[in-house]
$ cat query28.tsv   # TSV, C-alpha atoms and all ligand atoms
chain	number	residue	atom	x	y	z
A	1	MET	CA	-79.47	-44.18	28.75
A	2	GLU	CA	-76.12	-45.96	28.75
A	3	LEU	CA	-73.56	-44.49	31.12
A	4	ALA	CA	-70.02	-43.59	30.17
A	5	ASN	CA	-67.39	-46.32	30.21
A	6	ARG	CA	-65.38	-44.41	32.75
A	7	VAL	CA	-67.94	-44.91	35.50
A	8	LYS	CA	-68.66	-48.55	34.75
A	9	THR	CA	-65.68	-49.78	36.72
A	10	LEU	CA	-66.09	-47.34	39.59
A	11	THR	CA	-66.20	-49.13	42.93
A	12	PRO	CA	-68.47	-47.48	45.47
A	13	SER	CA	-66.71	-46.55	48.70
A	14	SER	CA	-66.65	-49.51	51.14
A	15	THR	CA	-66.54	-47.03	54.02
A	16	LEU	CA	-69.81	-45.47	52.92
A	17	ALA	CA	-71.47	-48.86	52.30
A	18	ILE	CA	-70.91	-50.04	55.87
A	19	THR	CA	-71.98	-46.67	57.24
A	20	ALA	CA	-75.24	-46.94	55.26
A	21	LYS	CA	-75.91	-50.46	56.61
A	22	ALA	CA	-75.20	-49.31	60.18
A	23	LYS	CA	-77.57	-46.36	59.74
A	24	GLU	CA	-80.30	-48.67	58.48
A	25	LEU	CA	-79.94	-50.92	61.55
A	26	LYS	CA	-79.97	-47.86	63.82
A	27	LYS	CA	-83.20	-46.71	62.17
A	28	GLN	CA	-84.75	-50.07	62.97
A	29	GLY	CA	-84.04	-49.31	66.63
A	30	HIS	CA	-80.83	-51.33	67.11
A	31	ASP	CA	-78.07	-50.10	69.38
A	32	VAL	CA	-75.36	-49.88	66.72
A	33	ILE	CA	-71.77	-48.81	67.37
A	34	ALA	CA	-70.35	-47.49	64.13
A	35	LEU	CA	-66.56	-47.41	63.90
A	36	GLY	CA	-66.48	-46.54	60.23
A	37	ALA	CA	-66.19	-42.76	60.53
A	38	GLY	CA	-63.47	-41.00	58.60
A	39	GLU	CA	-63.87	-37.68	60.37
A	40	PRO	CA	-63.17	-36.20	63.80
A	41	ASP	CA	-66.17	-36.38	66.13
A	42	PHE	CA	-65.42	-32.86	67.41
A	43	ASN	CA	-67.07	-29.61	66.39
A	44	THR	CA	-65.16	-27.07	64.34
A	45	PRO	CA	-63.55	-24.65	66.87
A	46	GLU	CA	-65.63	-21.61	67.78
A	47	PHE	CA	-63.15	-19.00	66.46
A	48	ILE	CA	-63.37	-20.60	63.02
A	49	LEU	CA	-67.17	-20.47	63.08
A	50	ASN	CA	-66.96	-16.78	64.02
A	51	ALA	CA	-64.58	-16.06	61.16
A	52	ALA	CA	-67.01	-17.67	58.71
A	53	GLN	CA	-69.91	-15.64	60.09
A	54	ASN	CA	-67.92	-12.43	59.82
A	55	ALA	CA	-66.90	-13.27	56.25
A	56	MET	CA	-70.53	-13.80	55.32
A	57	ARG	CA	-71.61	-10.50	56.89
A	58	GLU	CA	-68.77	-8.63	55.24
A	59	GLY	CA	-69.95	-9.77	51.80
A	60	MET	CA	-67.33	-12.42	51.10
A	61	THR	CA	-70.02	-14.40	49.34
A	62	LYS	CA	-68.94	-13.99	45.75
A	63	TYR	CA	-66.75	-15.98	43.36
A	64	THR	CA	-63.08	-15.98	44.32
A	65	PRO	CA	-60.02	-16.67	42.15
A	66	SER	CA	-60.18	-20.32	41.00
A	67	GLY	CA	-57.06	-21.30	42.91
A	68	GLY	CA	-58.22	-19.64	46.13
A	69	ILE	CA	-57.99	-16.22	47.78
A	70	VAL	CA	-54.47	-14.85	47.99
A	71	GLU	CA	-54.64	-14.36	51.80
A	72	LEU	CA	-55.30	-18.08	52.28
A	73	LYS	CA	-52.55	-19.02	49.83
A	74	GLN	CA	-50.17	-16.81	51.83
A	75	ALA	CA	-51.27	-18.44	55.07
A	76	ILE	CA	-50.62	-21.87	53.51
A	77	VAL	CA	-47.16	-20.70	52.37
A	78	SER	CA	-46.46	-19.63	55.99
A	79	LYS	CA	-47.75	-22.95	57.31
A	80	PHE	CA	-45.38	-24.87	55.01
A	81	LYS	CA	-42.49	-22.70	56.18
A	82	ALA	CA	-43.28	-23.08	59.88
A	83	ASP	CA	-44.26	-26.75	59.95
A	84	ASN	CA	-42.25	-28.33	57.15
A	85	HIS	CA	-39.35	-25.91	56.47
A	86	LEU	CA	-40.59	-25.70	52.89
A	87	ASP	CA	-40.45	-22.53	50.79
A	88	TYR	CA	-43.22	-22.08	48.26
A	89	SER	CA	-44.49	-19.05	46.39
A	90	THR	CA	-48.24	-18.47	46.15
A	91	ASP	CA	-48.23	-19.57	42.49
A	92	GLN	CA	-47.15	-23.00	43.72
A	93	ILE	CA	-50.33	-23.37	45.77
A	94	ILE	CA	-53.89	-24.20	44.76
A	95	VAL	CA	-56.75	-24.22	47.26
A	96	THR	CA	-59.31	-26.91	46.42
A	97	THR	CA	-62.68	-28.27	47.44
A	98	GLY	CA	-61.15	-30.61	50.03
A	99	ALA	CA	-57.93	-32.59	49.72
A	100	LYS	CA	-59.91	-35.19	47.80
A	101	HIS	CA	-60.52	-32.77	44.94
A	102	ALA	CA	-56.89	-31.67	44.98
A	103	LEU	CA	-55.96	-35.30	44.28
A	104	TYR	CA	-58.70	-35.69	41.68
A	105	THR	CA	-57.61	-32.55	39.83
A	106	LEU	CA	-53.95	-33.54	40.04
A	107	PHE	CA	-54.52	-36.93	38.39
A	108	GLN	CA	-56.66	-35.27	35.71
A	109	VAL	CA	-53.87	-32.91	34.69
A	110	LEU	CA	-51.10	-35.49	35.08
A	111	LEU	CA	-52.20	-38.72	33.47
A	112	ASN	CA	-52.58	-39.87	29.89
A	113	GLU	CA	-54.39	-43.07	28.96
A	114	GLY	CA	-52.46	-46.04	30.35
A	115	ASP	CA	-50.05	-44.06	32.54
A	116	GLU	CA	-49.28	-46.00	35.70
A	117	VAL	CA	-49.54	-44.74	39.26
A	118	ILE	CA	-47.99	-46.86	41.99
A	119	ILE	CA	-50.28	-47.20	45.00
A	120	PRO	CA	-48.93	-48.97	48.08
A	121	ALA	CA	-51.59	-51.24	49.64
A	122	PRO	CA	-53.28	-50.85	52.11
A	123	TYR	CA	-54.42	-47.60	50.50
A	124	TRP	CA	-57.10	-44.98	50.95
A	125	VAL	CA	-60.13	-46.09	48.91
A	126	SER	CA	-60.29	-43.10	46.57
A	127	TYR	CA	-56.75	-43.29	45.10
A	128	PRO	CA	-57.37	-46.15	42.63
A	129	GLU	CA	-60.73	-44.78	41.53
A	130	GLN	CA	-59.34	-41.30	40.93
A	131	VAL	CA	-56.43	-42.69	38.93
A	132	LYS	CA	-58.81	-44.77	36.80
A	133	LEU	CA	-61.13	-41.79	36.25
A	134	ALA	CA	-58.16	-39.92	34.80
A	135	GLY	CA	-57.44	-42.79	32.38
A	136	GLY	CA	-54.49	-44.06	34.41
A	137	SER	CA	-53.76	-47.57	35.66
A	138	PRO	CA	-53.29	-48.13	39.38
A	139	VAL	CA	-50.38	-50.46	40.14
A	140	PHE	CA	-50.76	-51.93	43.61
A	141	LEU	CA	-47.77	-52.91	45.69
A	142	THR	CA	-48.53	-54.76	48.89
A	143	ALA	CA	-46.74	-53.13	51.77
A	144	SER	CA	-46.41	-56.02	54.18
A	145	GLU	CA	-47.61	-55.95	57.75
A	146	GLU	CA	-44.17	-57.23	58.84
A	147	ASN	CA	-42.71	-54.06	57.34
A	148	GLY	CA	-45.23	-51.91	59.22
A	149	PHE	CA	-47.37	-51.59	56.07
A	150	LYS	CA	-44.60	-49.57	54.42
A	151	LEU	CA	-43.40	-49.74	50.86
A	152	THR	CA	-39.71	-50.62	50.49
A	153	PRO	CA	-37.44	-48.83	48.00
A	154	ALA	CA	-36.69	-52.21	46.36
A	155	GLN	CA	-40.39	-52.93	45.85
A	156	LEU	CA	-40.81	-49.53	44.26
A	157	GLU	CA	-37.77	-49.92	42.04
A	158	ASN	CA	-38.98	-53.32	40.78
A	159	ALA	CA	-42.44	-52.04	39.90
A	160	ILE	CA	-41.29	-49.12	37.77
A	161	THR	CA	-41.94	-49.39	34.03
A	162	ASP	CA	-41.65	-46.83	31.23
A	163	LYS	CA	-45.31	-46.00	31.89
A	164	THR	CA	-44.87	-45.14	35.58
A	165	LYS	CA	-45.78	-41.52	36.16
A	166	ALA	CA	-46.25	-41.21	39.92
A	167	VAL	CA	-46.26	-42.90	43.30
A	168	ILE	CA	-48.56	-42.06	46.20
A	169	ILE	CA	-47.14	-41.75	49.69
A	170	ASN	CA	-49.61	-41.26	52.55
A	171	SER	CA	-47.94	-40.71	55.90
A	172	PRO	CA	-49.51	-40.88	58.49
A	173	SER	CA	-51.66	-43.39	56.66
A	174	ASN	CA	-55.33	-44.06	56.33
A	175	PRO	CA	-56.09	-46.93	57.04
A	176	THR	CA	-53.00	-48.17	58.93
A	177	GLY	CA	-51.90	-45.13	60.94
A	178	MET	CA	-48.27	-45.92	60.06
A	179	MET	CA	-45.60	-43.33	59.28
A	180	TYR	CA	-42.45	-43.43	57.20
A	181	THR	CA	-39.19	-42.42	58.85
A	182	GLU	CA	-36.95	-39.76	57.36
A	183	GLU	CA	-34.49	-42.41	56.17
A	184	GLU	CA	-37.23	-44.44	54.50
A	185	LEU	CA	-38.54	-41.35	52.72
A	186	LYS	CA	-35.03	-40.46	51.59
A	187	GLN	CA	-34.57	-43.88	50.01
A	188	ILE	CA	-37.96	-43.80	48.30
A	189	GLY	CA	-37.18	-40.29	47.12
A	190	GLU	CA	-33.88	-41.41	45.59
A	191	VAL	CA	-35.68	-44.05	43.51
A	192	CYS	CA	-38.23	-41.48	42.33
A	193	LEU	CA	-35.56	-38.97	41.37
A	194	ARG	CA	-33.54	-41.60	39.51
A	195	HIS	CA	-36.57	-42.63	37.42
A	196	ASP	CA	-38.18	-39.18	37.22
A	197	ILE	CA	-41.38	-40.24	38.97
A	198	LEU	CA	-43.65	-37.68	40.56
A	199	ILE	CA	-44.31	-38.17	44.27
A	200	VAL	CA	-47.85	-37.45	45.44
A	201	SER	CA	-47.47	-36.93	49.17
A	202	ASP	CA	-50.81	-36.99	50.97
A	203	GLU	CA	-50.16	-35.39	54.36
A	204	ILE	CA	-53.74	-34.82	55.48
A	205	TYR	CA	-53.11	-36.53	58.88
A	206	GLU	CA	-49.95	-34.53	59.57
A	207	LYS	CA	-51.34	-32.97	62.75
A	208	LEU	CA	-52.61	-36.20	64.26
A	209	ILE	CA	-49.47	-37.99	65.45
A	210	TYR	CA	-49.37	-39.62	68.92
A	211	SER	CA	-46.05	-41.46	68.93
A	212	GLY	CA	-43.90	-38.37	69.39
A	213	ASP	CA	-42.32	-38.87	65.96
A	214	PRO	CA	-41.99	-35.69	63.94
A	215	HIS	CA	-43.99	-35.41	60.76
A	216	ILE	CA	-41.61	-35.43	57.81
A	217	SER	CA	-42.69	-34.33	54.37
A	218	ILE	CA	-40.70	-36.07	51.64
A	219	ALA	CA	-40.61	-32.68	49.88
A	220	GLN	CA	-38.54	-31.14	52.66
A	221	LEU	CA	-35.63	-33.59	52.27
A	222	SER	CA	-33.97	-31.77	49.36
A	223	SER	CA	-34.76	-29.12	46.78
A	224	ASP	CA	-34.75	-31.83	44.08
A	225	LEU	CA	-37.36	-33.77	46.03
A	226	GLN	CA	-39.44	-30.63	46.54
A	227	GLU	CA	-39.46	-30.17	42.73
A	228	GLN	CA	-40.42	-33.83	42.29
A	229	THR	CA	-43.34	-33.75	44.77
A	230	VAL	CA	-46.88	-32.47	44.98
A	231	VAL	CA	-47.89	-32.18	48.64
A	232	ILE	CA	-51.58	-32.61	49.44
A	233	ASN	CA	-53.01	-31.33	52.71
A	234	GLY	CA	-56.05	-29.54	54.14
A	235	VAL	CA	-57.97	-28.51	57.22
A	236	SER	CA	-60.55	-31.34	57.29
A	237	LYS	CA	-58.80	-33.58	59.80
A	238	SER	CA	-56.53	-31.05	61.53
A	239	HIS	CA	-59.28	-28.59	62.47
A	240	ALA	CA	-62.39	-30.81	62.46
A	241	MET	CA	-63.57	-29.13	59.24
A	242	THR	CA	-64.57	-32.06	57.02
A	243	GLY	CA	-67.80	-30.44	55.86
A	244	TRP	CA	-66.18	-27.13	54.89
A	245	ARG	CA	-64.32	-28.77	52.01
A	246	ILE	CA	-61.01	-26.93	52.02
A	247	GLY	CA	-57.83	-28.68	50.95
A	248	TYR	CA	-54.81	-27.69	48.91
A	249	ALA	CA	-51.89	-28.84	46.81
A	250	ALA	CA	-48.37	-27.42	46.63
A	251	GLY	CA	-45.93	-28.25	43.88
A	252	PRO	CA	-44.19	-27.24	40.66
A	253	ILE	CA	-45.71	-24.11	39.05
A	254	ALA	CA	-46.64	-25.85	35.76
A	255	ILE	CA	-48.67	-28.52	37.55
A	256	ILE	CA	-50.42	-26.04	39.85
A	257	LYS	CA	-51.19	-23.78	36.90
A	258	ALA	CA	-52.81	-26.66	34.98
A	259	MET	CA	-54.79	-27.68	38.07
A	260	THR	CA	-56.00	-24.09	38.48
A	261	SER	CA	-57.14	-23.96	34.84
A	262	LEU	CA	-59.06	-27.19	35.31
A	263	ALA	CA	-60.62	-25.88	38.53
A	264	SER	CA	-61.76	-22.77	36.67
A	265	HIS	CA	-63.92	-25.05	34.49
A	266	SER	CA	-65.08	-27.45	37.19
A	267	THR	CA	-65.55	-25.95	40.67
A	268	SER	CA	-64.85	-22.28	39.71
A	269	ASN	CA	-63.50	-21.94	43.25
A	270	PRO	CA	-63.75	-23.52	46.68
A	271	THR	CA	-66.58	-21.96	48.75
A	272	SER	CA	-65.65	-18.38	49.60
A	273	ILE	CA	-66.88	-18.50	53.20
A	274	ALA	CA	-65.07	-21.78	53.89
A	275	GLN	CA	-61.85	-20.24	52.57
A	276	TYR	CA	-62.12	-17.42	55.14
A	277	ALA	CA	-62.81	-20.04	57.83
A	278	ALA	CA	-59.66	-21.94	56.80
A	279	LEU	CA	-57.72	-18.67	56.82
A	280	ALA	CA	-58.73	-18.13	60.46
A	281	ALA	CA	-57.71	-21.71	61.26
A	282	TYR	CA	-54.21	-21.06	59.92
A	283	GLN	CA	-53.83	-17.56	61.36
A	284	MET	CA	-54.58	-18.67	64.91
A	285	ASP	CA	-51.51	-18.78	67.10
A	286	GLY	CA	-50.86	-22.04	68.92
A	287	GLU	CA	-52.47	-25.33	68.18
A	288	PRO	CA	-56.23	-25.51	68.50
A	289	VAL	CA	-55.87	-29.15	67.52
A	290	GLU	CA	-53.84	-30.08	70.61
A	291	GLY	CA	-56.90	-30.81	72.78
A	292	MET	CA	-58.44	-33.02	70.12
A	293	LYS	CA	-55.16	-34.84	69.63
A	294	GLN	CA	-54.89	-35.59	73.34
A	295	VAL	CA	-58.33	-37.21	73.35
A	296	PHE	CA	-57.49	-39.28	70.26
A	297	ALA	CA	-54.25	-40.44	71.90
A	298	GLU	CA	-56.07	-41.71	75.01
A	299	ARG	CA	-58.63	-43.55	72.91
A	300	LEU	CA	-55.93	-45.16	70.79
A	301	GLU	CA	-54.11	-46.50	73.87
A	302	LYS	CA	-57.27	-47.99	75.33
A	303	LEU	CA	-58.69	-49.52	72.16
A	304	TYR	CA	-55.31	-50.94	71.15
A	305	GLU	CA	-54.95	-52.63	74.54
A	306	LEU	CA	-58.49	-54.07	74.38
A	307	LEU	CA	-58.09	-55.38	70.81
A	308	LEU	CA	-54.96	-57.31	71.71
A	309	GLU	CA	-56.96	-59.22	74.34
A	310	ILE	CA	-59.14	-60.76	71.62
A	311	PRO	CA	-58.01	-64.23	70.50
A	312	GLY	CA	-56.81	-64.35	66.90
A	313	VAL	CA	-56.44	-60.56	66.59
A	314	THR	CA	-53.05	-58.93	66.04
A	315	CYS	CA	-52.34	-55.28	65.38
A	316	ILE	CA	-49.40	-53.04	64.63
A	317	LYS	CA	-49.49	-49.97	66.82
A	318	PRO	CA	-50.50	-46.97	64.73
A	319	LYS	CA	-48.54	-43.74	65.14
A	320	GLY	CA	-51.04	-41.32	63.69
A	321	ALA	CA	-54.44	-40.60	62.01
A	322	PHE	CA	-57.43	-42.02	63.93
A	323	TYR	CA	-57.65	-45.62	62.81
A	324	LEU	CA	-56.54	-49.06	63.96
A	325	PHE	CA	-56.03	-51.70	61.29
A	326	PRO	CA	-55.90	-55.07	63.08
A	327	ASN	CA	-55.37	-58.37	61.32
A	328	VAL	CA	-58.37	-60.57	62.14
A	329	GLU	CA	-57.70	-63.38	59.67
A	330	GLU	CA	-57.01	-65.96	62.39
A	331	ALA	CA	-60.05	-64.91	64.43
A	332	SER	CA	-62.35	-65.08	61.41
A	333	ARG	CA	-60.94	-68.48	60.36
A	334	ASN	CA	-61.28	-69.89	63.89
A	335	ASN	CA	-64.79	-68.50	63.96
A	336	GLY	CA	-65.63	-70.54	60.85
A	337	PHE	CA	-66.01	-67.73	58.31
A	338	ALA	CA	-64.76	-68.05	54.74
A	339	SER	CA	-63.50	-64.47	54.66
A	340	VAL	CA	-62.97	-61.44	56.84
A	341	ASP	CA	-65.73	-59.69	54.84
A	342	GLU	CA	-68.20	-62.34	56.03
A	343	TRP	CA	-66.91	-62.08	59.60
A	344	VAL	CA	-67.50	-58.29	59.47
A	345	SER	CA	-71.07	-58.77	58.19
A	346	ALA	CA	-71.88	-61.32	60.91
A	347	LEU	CA	-70.40	-59.03	63.57
A	348	LEU	CA	-72.69	-56.23	62.45
A	349	GLU	CA	-75.70	-58.55	62.26
A	350	GLU	CA	-75.16	-60.20	65.67
A	351	GLU	CA	-73.39	-57.64	67.83
A	352	LYS	CA	-74.27	-54.42	65.98
A	353	VAL	CA	-70.68	-53.25	65.65
A	354	ALA	CA	-69.82	-51.71	62.27
A	355	LEU	CA	-66.19	-52.05	61.12
A	356	VAL	CA	-64.87	-51.48	57.61
A	357	PRO	CA	-63.50	-54.63	55.93
A	358	GLY	CA	-59.89	-54.31	54.84
A	359	SER	CA	-60.71	-55.64	51.37
A	360	GLY	CA	-61.79	-52.13	50.32
A	361	PHE	CA	-58.30	-50.90	51.25
A	362	GLY	CA	-56.55	-53.71	49.36
A	363	SER	CA	-55.84	-55.71	52.53
A	364	PRO	CA	-58.41	-58.51	52.93
A	365	ASN	CA	-57.11	-59.92	56.25
A	366	ASN	CA	-57.61	-56.67	58.14
A	367	VAL	CA	-60.42	-54.45	59.36
A	368	ARG	CA	-60.41	-50.71	59.97
A	369	LEU	CA	-61.71	-49.28	63.23
A	370	SER	CA	-62.00	-45.55	63.60
A	371	TYR	CA	-61.60	-44.14	67.10
A	372	ALA	CA	-63.28	-40.88	66.17
A	373	THR	CA	-66.04	-41.74	68.60
A	374	SER	CA	-66.47	-41.66	72.41
A	375	MET	CA	-64.31	-43.75	74.75
A	376	GLU	CA	-67.46	-45.32	76.15
A	377	ALA	CA	-68.54	-46.51	72.69
A	378	LEU	CA	-65.04	-47.84	71.96
A	379	ILE	CA	-64.92	-49.88	75.17
A	380	GLU	CA	-68.38	-51.29	74.49
A	381	ALA	CA	-67.39	-52.10	70.87
A	382	ALA	CA	-64.30	-54.01	72.01
A	383	THR	CA	-66.41	-55.93	74.56
A	384	ARG	CA	-68.88	-56.92	71.85
A	385	ILE	CA	-66.17	-57.96	69.37
A	386	LYS	CA	-64.55	-60.15	72.03
A	387	ARG	CA	-67.90	-61.70	72.93
A	388	PHE	CA	-68.56	-62.41	69.24
A	389	VAL	CA	-65.16	-64.06	68.73
A	390	LEU	CA	-65.48	-66.22	71.86
A	391	LYS	CA	-69.02	-67.25	70.97
A	392	HIS	CA	-67.94	-68.54	67.54
A	393	GLN	CA	-64.75	-70.29	68.67
B	401	LIG	N1	-56.54	-38.35	51.96
B	401	LIG	C1	-56.81	-39.27	52.90
B	401	LIG	C2	-55.78	-40.30	53.18
B	401	LIG	C3	-58.03	-39.26	53.58
B	401	LIG	O1	-58.28	-40.18	54.52
B	401	LIG	C4	-58.98	-38.26	53.26
B	401	LIG	C5	-60.31	-38.24	53.91
B	401	LIG	O2	-60.82	-39.22	54.39
B	401	LIG	C6	-58.65	-37.32	52.29
B	401	LIG	C7	-57.42	-37.39	51.65
B	401	LIG	C8	-59.62	-36.25	51.85
B	401	LIG	O3	-59.79	-35.24	52.76
B	401	LIG	P1	-60.76	-34.01	52.46
B	401	LIG	O4	-61.89	-34.12	53.43
B	401	LIG	O5	-59.94	-32.78	52.68
B	401	LIG	O6	-61.22	-34.12	51.06
$ encode --input "query28.tsv" --output "structure tokens"
Amino acid sequence: MELANRVKTLTPSSTLAITAKAKELKKQGHDVIALGAGEPDFNTPEFILNAAQNAMREGMTKYTPSGGIVELKQAIVSKFKADNHLDYSTDQIIVTTGAKHALYTLFQVLLNEGDEVIIPAPYWVSYPEQVKLAGGSPVFLTASEENGFKLTPAQLENAITDKTKAVIINSPSNPTGMMYTEEELKQIGEVCLRHDILIVSDEIYEKLIYSGDPHISIAQLSSDLQEQTVVINGVSKSHAMTGWRIGYAAGPIAIIKAMTSLASHSTSNPTSIAQYAALAAYQMDGEPVEGMKQVFAERLEKLYELLLEIPGVTCIKPKGAFYLFPNVEEASRNNGFASVDEWVSALLEEEKVALVPGSGFGSPNNVRLSYATSMEALIEAATRIKRFVLKHQ
């Protein structure tokens, strides 16, 4: 049976491909260090597990409203107020099956055939595929390493055509860990307002910032920008809840209403029990994520320092998320490889360290290392990478 055209150009996730290869080597008995993970290596906090158990026992096991239970929507409204100084009503919120499905649903309701979405590169692997699945055309703009992997307002302005519908901003970023400043967001926002372009602001790493910089949502900079933005967020990364699949979008009522209609015919609703778990996560006073953040911060410092000791490796210092995105072009060239992709494969083959090649993120000279693994494994990984580079010099 021939498959639909829309899936013929789908690129499988490069993150998952390397993870599969690493798993295979592990199965064969090799001592593999996998730095491909896109999720915290911590367990979901106990109080959240208890809330889910209670919800189950109390019969919260039925369909819920498609856009999520009202208590969770209210908790999300309160979170936006407290963390981002943003006022939303509950009809401006949709709870989704992870932030990924919030983005998927958004592009489905937003894009007509040929509509363009500007995606700054390096980008998270799913953005282009989701845009294409909705009939849109991804327009990639390389955000240079010299500019901290950040899109400039001039770049954005120059790329806008009469087909441009939206731009994606992801701060803190996967894969680079970079963050936009308030001023930079203001300038990007001005361009978007002038050309009536929707801003898709993916803020899933909001809670994982180590540099001391405040998280700024572009939506909080003015009421016009709030109207022009759909904010995407969720509990996956902030509360170590990747498997629960709870994310959300906040934005103009018409967009959220369309997304909710679509959800009613696709997911019906996000899992009821997981919604009660997310509710507990947001109702808890204080920051259960603080401990996790502290551990990530220590790992970042150490791994960053060790990477810079490797000849031919340079790296901007990430401010948030849990990834480093070093440039290894010089190392791979000096090591005699035709591309960074080949260097990554040989590293896995010879030293059993799994990194994700930057090519999957639209940045072929870089690699992504996740530090969502133990300090011991990170130190050993850096030792092996250095040994590999020196051996091939
Ligand atoms: N956005 C970015 C930038 C991500 O890195 C991820 C997960 O890796 C997501 C969205 C999706 O998160 P969720 O697990 O809530 O679907």
$ atom_distance --input "query28.tsv" --atom1 "atom CA of A:Pro120" --atom2 "atom CA of A:Val200"
11.9 Å
$ residues_around --input "query28.tsv" --residues "stretch 34-47 of chain A" --least-positions-apart "5" --cutoff "6 Å" --atoms "all atoms listed in the file" --output "JSON, numbers by chain"
{"A": [240, 241, 353, 354, 355, 356, 369, 370, 372, 373]}
$ residues_near_ligand --input "query28.tsv" --ligand "ligand LIG 401 (chain B)" --cutoff "7 Å" --atoms "only C-alpha atoms and all ligand atoms" --output "JSON, numbers by chain"
{"A": [38, 39, 98, 99, 100, 101, 124, 170, 173, 174, 202, 204, 234, 235, 236, 242, 245, 246, 247]}
$ closest_residue --input "query28.tsv" --among "A:Val191, A:Val231, A:Ala75, A:Ile316" --to "A:Ser171" --atoms "all atoms listed in the file"
A:Val231
$ closest_residue --input "query28.tsv" --among "A:Tyr123, A:Phe140, A:Phe388, A:Trp244" --to "A:Ala52" --atoms "only C-alpha atoms"
A:Trp244
$ atom_distance --input "query28.tsv" --atom1 "atom CA of A:Tyr248" --atom2 "atom CA of A:Ile76"
8.5 Å
$ atom_distance --input "query28.tsv" --atom1 "atom CA of A:Val389" --atom2 "atom CA of A:Ser332"
7.9 Å
$ residues_around --input "query28.tsv" --residues "A:Gly251" --least-positions-apart "5" --cutoff "12 Å" --atoms "all atoms listed in the file" --output "PyMOL selection string"
chain A and resi 77+80+86-94+102+106+198-201+219-220+223-233+256-259
$ closest_residue --input "query28.tsv" --among "A:Phe322, A:Gly189, A:Ser272, A:Glu380" --to "A:Ser238" --atoms "all atoms listed in the file"
A:Phe322
$ residues_around --input "query28.tsv" --residues "stretch 55-67 of chain A" --least-positions-apart "4" --cutoff "6 Å" --atoms "all atoms listed in the file" --output "ChimeraX atom specification"
/A:94-95,260,264,268-269,272
$ closest_residue --input "query28.tsv" --among "A:Gln294, A:Ile33, A:Ile216, A:Ala17" --to "A:Ala382" --atoms "all atoms listed in the file"
A:Ile33
$ closest_residue --input "query28.tsv" --among "A:Gln155, A:Ser359, A:Thr176, A:Asn365" --to "A:Tyr323" --atoms "only C-alpha atoms"
A:Thr176
$ closest_residue --input "query28.tsv" --among "A:Asp83, A:Leu306, A:Ala4, A:Pro128" --to "A:Tyr104" --atoms "all atoms listed in the file"
A:Pro128
$ residues_around --input "query28.tsv" --residues "stretch 134-137 of chain A" --least-positions-apart "6" --cutoff "9 Å" --atoms "only C-alpha atoms" --output "PyMOL selection string"
chain A and resi 6+104-105+107-118+128
$ residues_around --input "query28.tsv" --residues "A:Gly360" --least-positions-apart "3" --cutoff "12 Å" --atoms "all atoms listed in the file" --output "MDAnalysis selection string"
chainID A and resid 11:18 121:129 174:175 340:341 355:357 363:368
$ residues_near_point --input "query28.tsv" --point "(-39.6, -40.2, 52.2)" --cutoff "9 Å" --atoms "all atoms listed in the file" --output "mmCIF file with C-alpha atoms, keeping the file's coordinate frame"
data_model
loop_
_atom_site.group_PDB
_atom_site.id
_atom_site.type_symbol
_atom_site.label_atom_id
_atom_site.label_comp_id
_atom_site.auth_asym_id
_atom_site.auth_seq_id
_atom_site.Cartn_x
_atom_site.Cartn_y
_atom_site.Cartn_z
ATOM 1 C CA ILE A 169 -47.140 -41.750 49.690
ATOM 2 C CA TYR A 180 -42.450 -43.430 57.200
ATOM 3 C CA THR A 181 -39.190 -42.420 58.850
ATOM 4 C CA GLU A 182 -36.950 -39.760 57.360
ATOM 5 C CA GLU A 183 -34.490 -42.410 56.170
ATOM 6 C CA GLU A 184 -37.230 -44.440 54.500
ATOM 7 C CA LEU A 185 -38.540 -41.350 52.720
ATOM 8 C CA LYS A 186 -35.030 -40.460 51.590
ATOM 9 C CA GLN A 187 -34.570 -43.880 50.010
ATOM 10 C CA ILE A 188 -37.960 -43.800 48.300
ATOM 11 C CA GLY A 189 -37.180 -40.290 47.120
ATOM 12 C CA GLU A 190 -33.880 -41.410 45.590
ATOM 13 C CA ILE A 216 -41.610 -35.430 57.810
ATOM 14 C CA SER A 217 -42.690 -34.330 54.370
ATOM 15 C CA ILE A 218 -40.700 -36.070 51.640
ATOM 16 C CA ALA A 219 -40.610 -32.680 49.880
ATOM 17 C CA LEU A 221 -35.630 -33.590 52.270
#
